[in-house]
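Engineer: This is entry.pdb, which holds PDB, C-alpha atoms and all ligand atoms:
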```pdb
ATOM      1  CA  MET A  14       3.576 -20.013 -72.430
ATOM      2  CA  LEU A  15       5.786 -17.611 -70.472
ATOM      3  CA  GLU A  16       7.447 -19.695 -67.773
ATOM      4  CA  ASP A  17      10.928 -18.504 -66.781
ATOM      5  CA  THR A  18      10.117 -15.093 -68.266
ATOM      6  CA  VAL A  19      10.768 -11.864 -66.394
ATOM      7  CA  ALA A  20       8.577  -9.117 -67.824
ATOM      8  CA  ILE A  21       8.016  -5.419 -67.175
ATOM      9  CA  ILE A  22       4.621  -4.046 -68.207
ATOM     10  CA  THR A  23       4.364  -0.255 -68.150
ATOM     11  CA  GLY A  24       0.967   1.267 -67.421
ATOM     12  CA  GLY A  25      -0.090  -2.096 -66.020
ATOM     13  CA  ALA A  26      -2.334  -0.824 -63.206
ATOM     14  CA  VAL A  27      -5.534  -0.688 -65.265
ATOM     15  CA  GLY A  28      -6.967  -1.308 -68.732
ATOM     16  CA  ILE A  29      -4.976  -3.145 -71.399
ATOM     17  CA  GLY A  30      -1.845  -3.196 -69.203
ATOM     18  CA  ARG A  31      -3.683  -4.817 -66.325
ATOM     19  CA  ALA A  32      -5.233  -7.473 -68.587
ATOM     20  CA  THR A  33      -1.775  -8.122 -70.042
ATOM     21  CA  ALA A  34      -0.245  -8.497 -66.584
ATOM     22  CA  ALA A  35      -3.007 -10.992 -65.698
ATOM     23  CA  GLU A  36      -2.419 -12.977 -68.904
ATOM     24  CA  PHE A  37       1.364 -13.043 -68.369
ATOM     25  CA  VAL A  38       0.966 -14.216 -64.750
ATOM     26  CA  GLU A  39      -1.524 -16.876 -65.910
ATOM     27  CA  GLN A  40       1.057 -18.096 -68.430
ATOM     28  CA  GLY A  41       3.729 -18.368 -65.713
ATOM     29  CA  ALA A  42       5.683 -15.106 -66.107
ATOM     30  CA  ASP A  43       7.316 -13.160 -63.285
ATOM     31  CA  VAL A  44       5.721  -9.726 -63.854
ATOM     32  CA  VAL A  45       6.604  -6.230 -62.679
ATOM     33  CA  ILE A  46       3.894  -3.634 -63.239
ATOM     34  CA  ALA A  47       5.465  -0.189 -63.709
ATOM     35  CA  ASP A  48       2.908   2.604 -63.513
ATOM     36  CA  ILE A  49       2.554   6.222 -62.448
ATOM     37  CA  ASP A  50      -0.635   5.276 -60.550
ATOM     38  CA  ASP A  51       0.750   4.244 -57.173
ATOM     39  CA  GLU A  52      -2.683   3.862 -55.586
ATOM     40  CA  THR A  53      -4.338   1.306 -57.883
ATOM     41  CA  GLY A  54      -1.071  -0.279 -59.027
ATOM     42  CA  PRO A  55       0.011  -1.947 -55.756
ATOM     43  CA  GLN A  56      -3.518  -3.323 -55.125
ATOM     44  CA  VAL A  57      -3.724  -4.780 -58.614
ATOM     45  CA  ALA A  58      -0.252  -6.280 -58.372
ATOM     46  CA  SER A  59      -1.129  -7.968 -55.107
ATOM     47  CA  GLU A  60      -4.417  -9.291 -56.588
ATOM     48  CA  LEU A  61      -2.622 -10.696 -59.620
ATOM     49  CA  GLY A  62       0.387 -12.083 -57.746
ATOM     50  CA  CYS A  63       3.043  -9.827 -59.208
ATOM     51  CA  GLU A  64       5.108  -6.807 -58.181
ATOM     52  CA  PHE A  65       4.415  -3.088 -58.534
ATOM     53  CA  ARG A  66       7.028  -0.374 -59.026
ATOM     54  CA  THR A  67       6.280   3.323 -59.515
ATOM     55  CA  CYS A  68       7.483   4.770 -62.792
ATOM     56  CA  ASP A  69       6.849   7.776 -65.022
ATOM     57  CA  VAL A  70       7.803   6.591 -68.503
ATOM     58  CA  SER A  71       8.282  10.156 -69.735
ATOM     59  CA  ASP A  72      11.380  10.488 -67.521
ATOM     60  CA  TYR A  73      14.327   8.478 -68.873
ATOM     61  CA  ASP A  74      16.344   8.359 -65.641
ATOM     62  CA  THR A  75      13.367   6.920 -63.745
ATOM     63  CA  VAL A  76      12.809   4.275 -66.412
ATOM     64  CA  GLU A  77      16.483   3.288 -66.450
ATOM     65  CA  THR A  78      16.510   3.007 -62.645
ATOM     66  CA  LEU A  79      13.388   0.827 -62.793
ATOM     67  CA  VAL A  80      14.768  -1.511 -65.453
ATOM     68  CA  ASP A  81      18.202  -1.815 -63.842
ATOM     69  CA  GLY A  82      16.567  -2.439 -60.453
ATOM     70  CA  VAL A  83      14.453  -5.292 -61.842
ATOM     71  CA  VAL A  84      17.525  -6.857 -63.473
ATOM     72  CA  GLU A  85      19.525  -6.485 -60.263
ATOM     73  CA  ASP A  86      16.796  -8.266 -58.276
ATOM     74  CA  ARG A  87      15.758 -10.919 -60.825
ATOM     75  CA  GLY A  88      19.093 -11.433 -62.603
ATOM     76  CA  ARG A  89      17.546 -10.916 -66.040
ATOM     77  CA  LEU A  90      14.879  -9.189 -68.114
ATOM     78  CA  ASP A  91      13.209 -11.091 -70.969
ATOM     79  CA  VAL A  92      10.351  -8.830 -72.050
ATOM     80  CA  ILE A  93       9.299  -5.199 -71.827
ATOM     81  CA  VAL A  94       5.752  -4.285 -72.810
ATOM     82  CA  ASN A  95       5.695  -0.527 -73.486
ATOM     83  CA  ASN A  96       1.997   0.006 -72.833
ATOM     84  CA  ALA A  97       1.723   3.231 -70.774
ATOM     85  CA  GLY A  98       0.001   5.955 -72.731
ATOM     86  CA  ILE A  99      -2.353   8.902 -72.470
ATOM     87  CA  GLY A 100      -5.328   9.798 -74.642
ATOM     88  CA  SER A 101      -5.831  13.093 -76.440
ATOM     89  CA  GLU A 102      -8.744  14.177 -78.606
ATOM     90  CA  THR A 103      -7.762  17.529 -80.076
ATOM     91  CA  SER A 104      -7.438  18.649 -83.674
ATOM     92  CA  LEU A 105      -4.340  20.596 -84.710
ATOM     93  CA  GLY A 106      -5.954  24.045 -84.742
ATOM     94  CA  ASP A 107      -7.242  23.751 -81.176
ATOM     95  CA  MET A 108      -4.223  22.041 -79.707
ATOM     96  CA  SER A 109      -1.761  23.805 -77.413
ATOM     97  CA  LEU A 110       1.949  23.134 -77.750
ATOM     98  CA  GLU A 111       1.824  21.937 -74.159
ATOM     99  CA  GLU A 112      -0.704  19.207 -75.010
ATOM    100  CA  TRP A 113       1.366  18.115 -78.028
ATOM    101  CA  ARG A 114       4.549  17.838 -75.941
ATOM    102  CA  SER A 115       2.822  16.009 -73.132
ATOM    103  CA  VAL A 116       1.293  13.375 -75.455
ATOM    104  CA  ILE A 117       4.552  12.858 -77.348
ATOM    105  CA  SER A 118       6.562  12.662 -74.112
ATOM    106  CA  VAL A 119       4.473   9.796 -72.707
ATOM    107  CA  ASN A 120       3.320   7.935 -75.835
ATOM    108  CA  LEU A 121       6.448   8.205 -78.002
ATOM    109  CA  ASP A 122       9.352   9.182 -75.730
ATOM    110  CA  GLY A 123       8.029   6.720 -73.137
ATOM    111  CA  VAL A 124       8.285   3.820 -75.597
ATOM    112  CA  MET A 125      11.789   4.870 -76.602
ATOM    113  CA  HIS A 126      12.810   5.193 -72.935
ATOM    114  CA  GLY A 127      11.562   1.703 -72.032
ATOM    115  CA  SER A 128      13.134   0.171 -75.126
ATOM    116  CA  LYS A 129      16.500   1.916 -74.704
ATOM    117  CA  ALA A 130      16.804   1.112 -70.998
ATOM    118  CA  ALA A 131      15.835  -2.540 -71.567
ATOM    119  CA  LEU A 132      17.882  -3.145 -74.715
ATOM    120  CA  PRO A 133      21.271  -4.123 -73.202
ATOM    121  CA  HIS A 134      19.524  -6.611 -70.905
ATOM    122  CA  LEU A 135      17.350  -7.990 -73.720
ATOM    123  CA  ILE A 136      20.430  -8.509 -75.894
ATOM    124  CA  GLU A 137      21.951 -10.668 -73.138
ATOM    125  CA  VAL A 138      19.000 -13.090 -73.120
ATOM    126  CA  GLU A 139      17.696 -12.650 -76.704
ATOM    127  CA  GLY A 140      14.535 -11.124 -75.264
ATOM    128  CA  CYS A 141      11.847  -8.983 -76.841
ATOM    129  CA  ILE A 142       9.922  -5.715 -76.855
ATOM    130  CA  VAL A 143       6.172  -5.394 -77.407
ATOM    131  CA  ASN A 144       4.872  -1.859 -78.004
ATOM    132  CA  ILE A 145       1.203  -0.983 -77.606
ATOM    133  CA  GLU A 146       0.264   1.241 -80.496
ATOM    134  CA  SER A 147      -3.174   1.973 -81.976
ATOM    135  CA  ILE A 148      -5.223   1.902 -85.151
ATOM    136  CA  TYR A 149      -4.588   5.666 -84.985
ATOM    137  CA  GLY A 150      -0.906   4.880 -85.626
ATOM    138  CA  LEU A 151      -1.934   3.256 -88.920
ATOM    139  CA  ARG A 152      -4.612   5.764 -90.004
ATOM    140  CA  GLY A 153      -5.331   9.404 -89.177
ATOM    141  CA  GLY A 154      -7.576   9.386 -86.125
ATOM    142  CA  ARG A 155     -10.318  12.008 -86.357
ATOM    143  CA  GLY A 156      -9.687  14.829 -83.848
ATOM    144  CA  ALA A 157      -6.523  13.241 -82.467
ATOM    145  CA  ALA A 158      -3.492  15.023 -83.951
ATOM    146  CA  ALA A 159      -0.912  14.465 -81.220
ATOM    147  CA  TYR A 160      -2.180  10.987 -80.343
ATOM    148  CA  SER A 161      -2.077   9.803 -83.978
ATOM    149  CA  ALA A 162       1.393  11.285 -84.475
ATOM    150  CA  SER A 163       2.688   9.630 -81.311
ATOM    151  CA  LYS A 164       1.302   6.223 -82.281
ATOM    152  CA  GLY A 165       2.469   6.527 -85.893
ATOM    153  CA  GLY A 166       5.911   7.288 -84.495
ATOM    154  CA  VAL A 167       5.835   4.143 -82.385
ATOM    155  CA  VAL A 168       4.739   2.018 -85.375
ATOM    156  CA  ASN A 169       7.786   3.128 -87.363
ATOM    157  CA  PHE A 170      10.091   3.007 -84.317
ATOM    158  CA  THR A 171       9.043  -0.624 -83.832
ATOM    159  CA  GLN A 172      10.075  -1.536 -87.365
ATOM    160  CA  GLN A 173      13.320   0.429 -87.164
ATOM    161  CA  VAL A 174      14.510  -1.078 -83.881
ATOM    162  CA  ALA A 175      13.438  -4.534 -85.090
ATOM    163  CA  VAL A 176      15.678  -4.127 -88.141
ATOM    164  CA  ASP A 177      18.707  -2.948 -86.141
ATOM    165  CA  TYR A 178      18.518  -5.652 -83.466
ATOM    166  CA  ALA A 179      17.381  -8.677 -85.477
ATOM    167  CA  PRO A 180      21.038  -9.784 -85.746
ATOM    168  CA  GLU A 181      21.148  -9.862 -81.914
ATOM    169  CA  ASN A 182      17.943 -11.948 -81.855
ATOM    170  CA  VAL A 183      15.996  -9.235 -80.027
ATOM    171  CA  ARG A 184      12.478  -9.211 -81.483
ATOM    172  CA  VAL A 185      10.449  -5.970 -81.526
ATOM    173  CA  ASN A 186       6.742  -5.981 -82.346
ATOM    174  CA  GLY A 187       3.693  -3.798 -81.903
ATOM    175  CA  VAL A 188      -0.003  -4.330 -81.316
ATOM    176  CA  CYS A 189      -2.532  -1.825 -82.715
ATOM    177  CA  PRO A 190      -5.797  -2.033 -80.781
ATOM    178  CA  GLY A 191      -9.039  -0.518 -81.995
ATOM    179  CA  PHE A 192     -11.335   1.006 -79.369
ATOM    180  CA  VAL A 193     -11.100  -0.887 -76.068
ATOM    181  CA  ARG A 194     -13.207  -0.485 -72.919
ATOM    182  CA  THR A 195     -10.694   0.943 -70.396
ATOM    183  CA  PRO A 196     -10.513   3.951 -68.070
ATOM    184  CA  MET A 197      -8.926   5.850 -71.016
ATOM    185  CA  THR A 198     -12.017   5.502 -73.199
ATOM    186  CA  GLN A 199     -14.748   5.288 -70.562
ATOM    187  CA  ALA A 200     -15.973   8.891 -70.938
ATOM    188  CA  LEU A 201     -15.846   8.687 -74.749
ATOM    189  CA  LEU A 202     -17.762   5.412 -74.879
ATOM    190  CA  GLU A 203     -20.412   6.868 -72.589
ATOM    191  CA  GLN A 204     -21.181   9.511 -75.242
ATOM    192  CA  GLY A 205     -23.961   7.919 -77.283
ATOM    193  CA  ARG A 206     -22.878   9.668 -80.479
ATOM    194  CA  PHE A 207     -19.290   8.463 -80.205
ATOM    195  CA  TYR A 208     -20.353   4.937 -79.319
ATOM    196  CA  GLU A 209     -22.590   4.880 -82.400
ATOM    197  CA  PHE A 210     -19.637   6.125 -84.524
ATOM    198  CA  ILE A 211     -17.468   3.247 -83.261
ATOM    199  CA  LYS A 212     -20.196   0.693 -83.913
ATOM    200  CA  ARG A 213     -20.763   2.041 -87.412
ATOM    201  CA  ARG A 214     -17.040   2.239 -88.210
ATOM    202  CA  THR A 215     -16.087  -1.193 -86.814
ATOM    203  CA  PRO A 216     -17.092  -4.222 -88.915
ATOM    204  CA  MET A 217     -17.466  -6.260 -85.708
ATOM    205  CA  ASP A 218     -19.886  -3.611 -84.474
ATOM    206  CA  ARG A 219     -18.475  -3.116 -80.963
ATOM    207  CA  PRO A 220     -15.436  -1.999 -78.949
ATOM    208  CA  ALA A 221     -13.085  -4.648 -77.489
ATOM    209  CA  ASP A 222     -12.513  -5.730 -73.921
ATOM    210  CA  PRO A 223      -8.881  -5.526 -72.699
ATOM    211  CA  GLU A 224      -8.846  -9.337 -72.365
ATOM    212  CA  GLU A 225      -9.200  -9.518 -76.162
ATOM    213  CA  ILE A 226      -5.929  -7.590 -76.655
ATOM    214  CA  ALA A 227      -3.753  -9.279 -74.005
ATOM    215  CA  PRO A 228      -3.419 -12.772 -75.614
ATOM    216  CA  LEU A 229      -1.706 -11.377 -78.724
ATOM    217  CA  ILE A 230       0.739  -9.439 -76.542
ATOM    218  CA  ALA A 231       1.540 -12.647 -74.652
ATOM    219  CA  PHE A 232       1.907 -14.577 -77.909
ATOM    220  CA  LEU A 233       4.347 -11.996 -79.321
ATOM    221  CA  ALA A 234       6.353 -12.213 -76.091
ATOM    222  CA  SER A 235       6.558 -16.005 -76.272
ATOM    223  CA  ASP A 236       8.869 -18.386 -78.123
ATOM    224  CA  ALA A 237       5.911 -19.294 -80.341
ATOM    225  CA  ALA A 238       6.549 -15.945 -82.086
ATOM    226  CA  SER A 239      10.255 -16.693 -82.634
ATOM    227  CA  TYR A 240      10.220 -15.638 -86.329
ATOM    228  CA  ILE A 241       8.020 -12.544 -85.893
ATOM    229  CA  THR A 242       9.769  -9.183 -85.673
ATOM    230  CA  GLY A 243       8.964  -5.692 -86.918
ATOM    231  CA  ALA A 244       5.248  -6.534 -87.123
ATOM    232  CA  ASN A 245       2.541  -4.043 -86.149
ATOM    233  CA  ILE A 246      -0.582  -6.145 -85.774
ATOM    234  CA  PRO A 247      -4.115  -4.697 -85.590
ATOM    235  CA  VAL A 248      -6.553  -6.134 -83.041
ATOM    236  CA  ASP A 249      -9.411  -3.963 -84.126
ATOM    237  CA  GLY A 250     -12.576  -5.869 -85.037
ATOM    238  CA  GLY A 251     -11.836  -5.118 -88.687
ATOM    239  CA  TRP A 252     -11.431  -1.302 -88.357
ATOM    240  CA  THR A 253      -8.315  -1.059 -90.559
ATOM    241  CA  ALA A 254      -9.719  -3.545 -93.082
ATOM    242  CA  PHE A 255     -12.682  -1.250 -93.732
TER     243      PHE A 255
HETATM  244  P1  LIG A 301      -5.574   3.566 -69.462
HETATM  245  O1  LIG A 301      -6.824   2.884 -69.130
HETATM  246  O2  LIG A 301      -5.546   5.058 -69.405
HETATM  247  O3  LIG A 301      -4.351   3.002 -68.590
HETATM  248  C1  LIG A 301      -3.065   3.500 -68.799
HETATM  249  C2  LIG A 301      -2.230   3.337 -67.543
HETATM  250  O4  LIG A 301      -0.956   3.981 -67.806
HETATM  251  C3  LIG A 301      -2.833   4.055 -66.335
HETATM  252  O5  LIG A 301      -2.611   3.314 -65.156
HETATM  253  C4  LIG A 301      -2.054   5.360 -66.305
HETATM  254  O6  LIG A 301      -2.002   5.946 -65.030
HETATM  255  C5  LIG A 301      -0.688   4.877 -66.737
HETATM  256  N1  LIG A 301       0.165   5.965 -67.177
HETATM  257  C6  LIG A 301      -0.207   7.145 -67.766
HETATM  258  N2  LIG A 301       0.864   7.928 -67.960
HETATM  259  C7  LIG A 301       1.937   7.231 -67.484
HETATM  260  C8  LIG A 301       3.314   7.526 -67.387
HETATM  261  N3  LIG A 301       3.815   8.712 -67.789
HETATM  262  N4  LIG A 301       4.138   6.599 -66.860
HETATM  263  C9  LIG A 301       3.649   5.414 -66.420
HETATM  264  N5  LIG A 301       2.352   5.095 -66.450
HETATM  265  C10 LIG A 301       1.504   6.001 -66.986
HETATM  266  O7  LIG A 301      -5.105   3.171 -70.934
HETATM  267  P2  LIG A 301      -5.514   1.901 -71.867
HETATM  268  O8  LIG A 301      -6.741   2.252 -72.583
HETATM  269  O9  LIG A 301      -5.405   0.646 -71.089
HETATM  270  O10 LIG A 301      -4.336   2.014 -72.924
HETATM  271  C11 LIG A 301      -3.114   1.309 -72.804
HETATM  272  C12 LIG A 301      -2.315   1.549 -74.077
HETATM  273  O11 LIG A 301      -3.092   1.116 -75.198
HETATM  274  C13 LIG A 301      -2.006   3.030 -74.328
HETATM  275  O12 LIG A 301      -0.730   3.146 -74.938
HETATM  276  C14 LIG A 301      -3.100   3.442 -75.300
HETATM  277  O13 LIG A 301      -2.711   4.541 -76.093
HETATM  278  C15 LIG A 301      -3.241   2.178 -76.116
HETATM  279  N6  LIG A 301      -4.529   2.053 -76.798
HETATM  280  C16 LIG A 301      -5.702   2.114 -76.106
HETATM  281  C17 LIG A 301      -6.911   1.991 -76.787
HETATM  282  C18 LIG A 301      -8.245   2.045 -76.106
HETATM  283  O14 LIG A 301      -9.274   2.119 -76.818
HETATM  284  N7  LIG A 301      -8.327   1.984 -74.785
HETATM  285  C19 LIG A 301      -6.904   1.836 -78.178
HETATM  286  C20 LIG A 301      -5.689   1.778 -78.855
HETATM  287  C21 LIG A 301      -4.498   1.889 -78.137
HETATM  288  P3  LIG A 301      -3.042   7.154 -64.714
HETATM  289  O15 LIG A 301      -4.410   6.552 -64.855
HETATM  290  O16 LIG A 301      -2.707   7.564 -63.317
HETATM  291  O17 LIG A 301      -2.775   8.221 -65.740
END
```
Produce structure tokens that represent the structure in this file.
Ligand code: NAP
Structural biologist:
Amino acid sequence: MLEDTVAIITGGAVGIGRATAAEFVEQGADVVIADIDDETGPQVASELGCEFRTCDVSDYDTVETLVDGVVEDRGRLDVIVNNAGIGSETSLGDMSLEEWRSVISVNLDGVMHGSKAALPHLIEVEGCIVNIESIYGLRGGRGAAAYSASKGGVVNFTQQVAVDYAPENVRVNGVCPGFVRTPMTQALLEQGRFYEFIKRRTPMDRPADPEEIAPLIAFLASDAASYITGANIPVDGGWTAF
């Protein structure tokens, strides 16, 4: 359970972030959704009974202002879930440098920004970081050069920061979802051929719903995970076992 826990969830307006915000609120946490989508975000926050703050995770100063503002208002920060991310389905030869930089700036820099801004506050309360990665951070994702590189970077970053801050009792873990039904994947999953590929490639024969990812994120954020750090855990219907 997450009573007495102040948590920031980036990219929490929709998809996996939204389901995570709902799970955290259900478990008693005081949640701040931080998202670039300032239309859906406030509505969702009010539905769930939490707060919304606008934030572009690719901009460090904005992230630091967000984190410091939450700590100023709440008096503490226990958990940051670095979930905001963007999709990209381009192979190396077809990819522009602009696309590469944009994917890395949100998916990899964004995780570093959230972690760095939160770290001093997490050290004070022996809090934790949960990064949302991907099976494509553990394996090469077909047609997804920048996305796979960004997620692979986060997988290793998670282990590295976990090692450095274990002595301060700050735990750092990652969750690697397989394909999940969210706005990010909606168009892909509507392509019959791609849907068939996912079914064929996934031992459980189907994509996940966001509500199947959120409980592990909540578990990793809770005291029940007190001896888990530096772990990157697949929630993938068996994809990486295959
Ligand atoms: P989603 O449906 O696209 O939702 C992501 C949210 O993050 C959106 O509200 C988006 O706003 C926001 N966002 C995008 N760029 C941002 C930025 N620079 N700063 C702050 N917020 C930003 O994504 P999802 O599928 O729930 O994915 C969540 C995380 O899980 C991502 O890191 C993704 O890579 C990872 N993941 C997803 C899947 C999957 O199959 N869905 C699988 C493995 C891993 P806008 O909509 O306005 O851009």
Engineer: Point out the residue among A:Glu224, A:Asp48, A:Glu209, A:Asp236 with the least atom-to-atom distance to Cys141 in chain A, counting only C-alpha atoms.
Structural biologist: A:Asp236
Engineer: Return as a count of residues only the residues of protein, DNA or RNA that approach ligand LIG 301 (chain A) to within 6 Å, with all atoms listed in the file taken into account.
Structural biologist: 31
Engineer: Using all atoms listed in the file, determine which residues lie at most 7 Å from Val143 in chain A, disregarding the query and same-chain residues fewer than 6 positions distant; provide the list as a ChimeraX atom specification.
Structural biologist: /A:93-95,185-187,230,234
Engineer: Find the residues near range 100-109 of chain A: any atom within 12 Å, counting only C-alpha atoms, skip ones fewer than 4 places away on the same chain, and give them as JSON, numbers by chain.
Structural biologist: {"A": [113, 114, 115, 116, 117, 119, 120, 146, 147, 149, 153, 154, 155, 156, 157, 158, 159, 160, 161, 162, 163, 164, 192, 195, 196, 197, 198, 199, 200, 201]}
Engineer: With all atoms of range 196-199 of chain A from the file as input, state the centre and edge lengths in Å to one decimal of the axis-aligned box that has 8 Å extra on each side, as lines of an AutoDock Vina configuration file.
Structural biologist:
```
center_x = -11.8
center_y = 4.9
center_z = -70.6
size_x = 21.8
size_y = 17.9
size_z = 21.1
```
Engineer: Would you mind telling me which residue in A:Phe170, A:Leu15, A:Ile22, A:Asn144 lies nearest to Ala237 in chain A when using all atoms listed in the file?
Structural biologist: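 Looking only at the distances to Ala237 in chain A, the closest residue turns out to be A:Leu15.
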Engineer: Check the smallest atom-to-atom distance from each of A:His134, A:Arg152, A:Arg31, A:Lys212 to Leu61 in chain A using only C-alpha atoms, then report the winner.
Structural biologist: A:Arg31
Engineer: In terms of the shortest atom-to-atom distance over all atoms listed in the file, which of A:Gly140, A:Gly250, A:Gly88, A:Gly166 is closest to Glu181 in chain A?
Structural biologist: A:Gly140
Engineer: Which residues would end up in the selection if the PyMOL selection byres (((chain A and resi 129) around 12) and not hetatm) were applied here, given that I need the answer as a PyMOL selection string?
Structural biologist: chain A and resi 70+73-74+76-77+80-81+93+95+122-128+130-136+142+170+174+178
Engineer: Take the residues that were just selected and, keeping C-alpha atoms, output them as a short mmCIF file (atom, residue, chain, number, x, y, z; two decimals), in the coordinates of the input.
Structural biologist:
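Output (part_24.cif):
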```
data_model
loop_
_atom_site.label_atom_id
_atom_site.label_comp_id
_atom_site.auth_asym_id
_atom_site.auth_seq_id
_atom_site.Cartn_x
_atom_site.Cartn_y
_atom_site.Cartn_z
CA VAL A 70 7.80 6.59 -68.50
CA TYR A 73 14.33 8.48 -68.87
CA ASP A 74 16.34 8.36 -65.64
CA VAL A 76 12.81 4.28 -66.41
CA GLU A 77 16.48 3.29 -66.45
CA VAL A 80 14.77 -1.51 -65.45
CA ASP A 81 18.20 -1.82 -63.84
CA ILE A 93 9.30 -5.20 -71.83
CA ASN A 95 5.70 -0.53 -73.49
CA ASP A 122 9.35 9.18 -75.73
CA GLY A 123 8.03 6.72 -73.14
CA VAL A 124 8.28 3.82 -75.60
CA MET A 125 11.79 4.87 -76.60
CA HIS A 126 12.81 5.19 -72.94
CA GLY A 127 11.56 1.70 -72.03
CA SER A 128 13.13 0.17 -75.13
CA ALA A 130 16.80 1.11 -71.00
CA ALA A 131 15.84 -2.54 -71.57
CA LEU A 132 17.88 -3.14 -74.72
CA PRO A 133 21.27 -4.12 -73.20
CA HIS A 134 19.52 -6.61 -70.90
CA LEU A 135 17.35 -7.99 -73.72
CA ILE A 136 20.43 -8.51 -75.89
CA ILE A 142 9.92 -5.72 -76.86
CA PHE A 170 10.09 3.01 -84.32
CA VAL A 174 14.51 -1.08 -83.88
CA TYR A 178 18.52 -5.65 -83.47
#
```
Engineer: Can you work out the spacing between CA of Glu60 in chain A and CA of Gly25 in chain A in Å, to one decimal?
Structural biologist: 12.6 Å
Engineer: Could you tell me which residues the PyMOL selection byres (((chain A and resi 248) around 6) and not hetatm) grabs in this file, written as a list in words?
Structural biologist: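 Output from the PyMOL selection byres (((chain A and resi 248) around 6) and not hetatm), applied to this file: Cys189, Pro190, Pro247 and Asp249 of chain A.
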Engineer: Which of these residues is nearest to Gln173 in chain A, using all atoms listed in the file: A:Asn245, A:Thr33, A:Ser235, A:Thr78?
Structural biologist: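 Of the candidates, the smallest distance to Gln173 in chain A is held by A:Asn245.
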Engineer: Which neighbours of Val138 in chain A fall inside 9 Å, counting all atoms listed in the file, when residues of the same chain fewer than 3 positions from it are skipped, and could you give them as a ChimeraX atom specification?
Structural biologist: /A:89-91,134-135,182-183
Engineer: Here is a test: counting all atoms listed in the file, which residue of A:Arg66, A:Glu203, A:Val188, A:Gly82 is nearest to Ala231 in chain A?
Structural biologist: A:Val188
Engineer: Output the residue selection produced by the PyMOL selection byres (((chain A and resi 58) around 10) and not hetatm) on the file above, formatted as a PDB file with C-alpha atoms, in the frame of the given file.
Structural biologist:
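Written out: expr-v2.pdb:
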```pdb
ATOM      1  CA  GLY A  25      -0.090  -2.096 -66.020  1.00  0.00           C
ATOM      2  CA  ALA A  26      -2.334  -0.824 -63.206  1.00  0.00           C
ATOM      3  CA  ARG A  31      -3.683  -4.817 -66.325  1.00  0.00           C
ATOM      4  CA  ALA A  34      -0.245  -8.497 -66.584  1.00  0.00           C
ATOM      5  CA  ALA A  35      -3.007 -10.992 -65.698  1.00  0.00           C
ATOM      6  CA  VAL A  44       5.721  -9.726 -63.854  1.00  0.00           C
ATOM      7  CA  VAL A  45       6.604  -6.230 -62.679  1.00  0.00           C
ATOM      8  CA  ILE A  46       3.894  -3.634 -63.239  1.00  0.00           C
ATOM      9  CA  ALA A  47       5.465  -0.189 -63.709  1.00  0.00           C
ATOM     10  CA  THR A  53      -4.338   1.306 -57.883  1.00  0.00           C
ATOM     11  CA  GLY A  54      -1.071  -0.279 -59.027  1.00  0.00           C
ATOM     12  CA  PRO A  55       0.011  -1.947 -55.756  1.00  0.00           C
ATOM     13  CA  GLN A  56      -3.518  -3.323 -55.125  1.00  0.00           C
ATOM     14  CA  VAL A  57      -3.724  -4.780 -58.614  1.00  0.00           C
ATOM     15  CA  SER A  59      -1.129  -7.968 -55.107  1.00  0.00           C
ATOM     16  CA  GLU A  60      -4.417  -9.291 -56.588  1.00  0.00           C
ATOM     17  CA  LEU A  61      -2.622 -10.696 -59.620  1.00  0.00           C
ATOM     18  CA  GLY A  62       0.387 -12.083 -57.746  1.00  0.00           C
ATOM     19  CA  CYS A  63       3.043  -9.827 -59.208  1.00  0.00           C
ATOM     20  CA  GLU A  64       5.108  -6.807 -58.181  1.00  0.00           C
ATOM     21  CA  PHE A  65       4.415  -3.088 -58.534  1.00  0.00           C
ATOM     22  CA  ARG A  66       7.028  -0.374 -59.026  1.00  0.00           C
TER      23      ARG A  66
END
```
Engineer: For CA of Val167 in chain A and CA of Ala244 in chain A, determine how far apart the two atoms are, in Å to one decimal place.
Structural biologist: 11.7 Å
Engineer: For the atom pair CA of Ala20 in chain A and CA of Gly251 in chain A, what is the interatomic distance in Å to one decimal place?
Structural biologist: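 Answer for the CA of Ala20 in chain A to CA of Gly251 in chain A separation: 29.5 Å.
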Engineer: Where atoms are missing, can you supply N, CA, C and O atoms for range 184-188 of chain A and output the lot as a PDB file, in the frame of the given file?
Structural biologist:
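As written to disk, out_30.pdb reads:
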```pdb
ATOM      1  N   ARG A 184      13.650  -9.460 -80.644  1.00  0.00           N
ATOM      2  CA  ARG A 184      12.478  -9.211 -81.483  1.00  0.00           C
ATOM      3  C   ARG A 184      11.712  -7.984 -80.960  1.00  0.00           C
ATOM      4  O   ARG A 184      11.639  -7.769 -79.746  1.00  0.00           O
ATOM      5  N   VAL A 185      11.183  -7.188 -81.892  1.00  0.00           N
ATOM      6  CA  VAL A 185      10.449  -5.970 -81.526  1.00  0.00           C
ATOM      7  C   VAL A 185       9.159  -5.934 -82.344  1.00  0.00           C
ATOM      8  O   VAL A 185       9.210  -5.917 -83.578  1.00  0.00           O
ATOM      9  N   ASN A 186       8.032  -5.961 -81.645  1.00  0.00           N
ATOM     10  CA  ASN A 186       6.742  -5.981 -82.346  1.00  0.00           C
ATOM     11  C   ASN A 186       5.772  -4.995 -81.705  1.00  0.00           C
ATOM     12  O   ASN A 186       5.991  -4.534 -80.576  1.00  0.00           O
ATOM     13  N   GLY A 187       4.704  -4.712 -82.419  1.00  0.00           N
ATOM     14  CA  GLY A 187       3.693  -3.798 -81.903  1.00  0.00           C
ATOM     15  C   GLY A 187       2.298  -4.361 -82.103  1.00  0.00           C
ATOM     16  O   GLY A 187       2.045  -5.132 -83.035  1.00  0.00           O
ATOM     17  N   VAL A 188       1.404  -3.936 -81.221  1.00  0.00           N
ATOM     18  CA  VAL A 188      -0.003  -4.330 -81.316  1.00  0.00           C
ATOM     19  C   VAL A 188      -0.813  -3.039 -81.466  1.00  0.00           C
ATOM     20  O   VAL A 188      -0.580  -2.070 -80.748  1.00  0.00           O
TER      21      VAL A 188
END
```
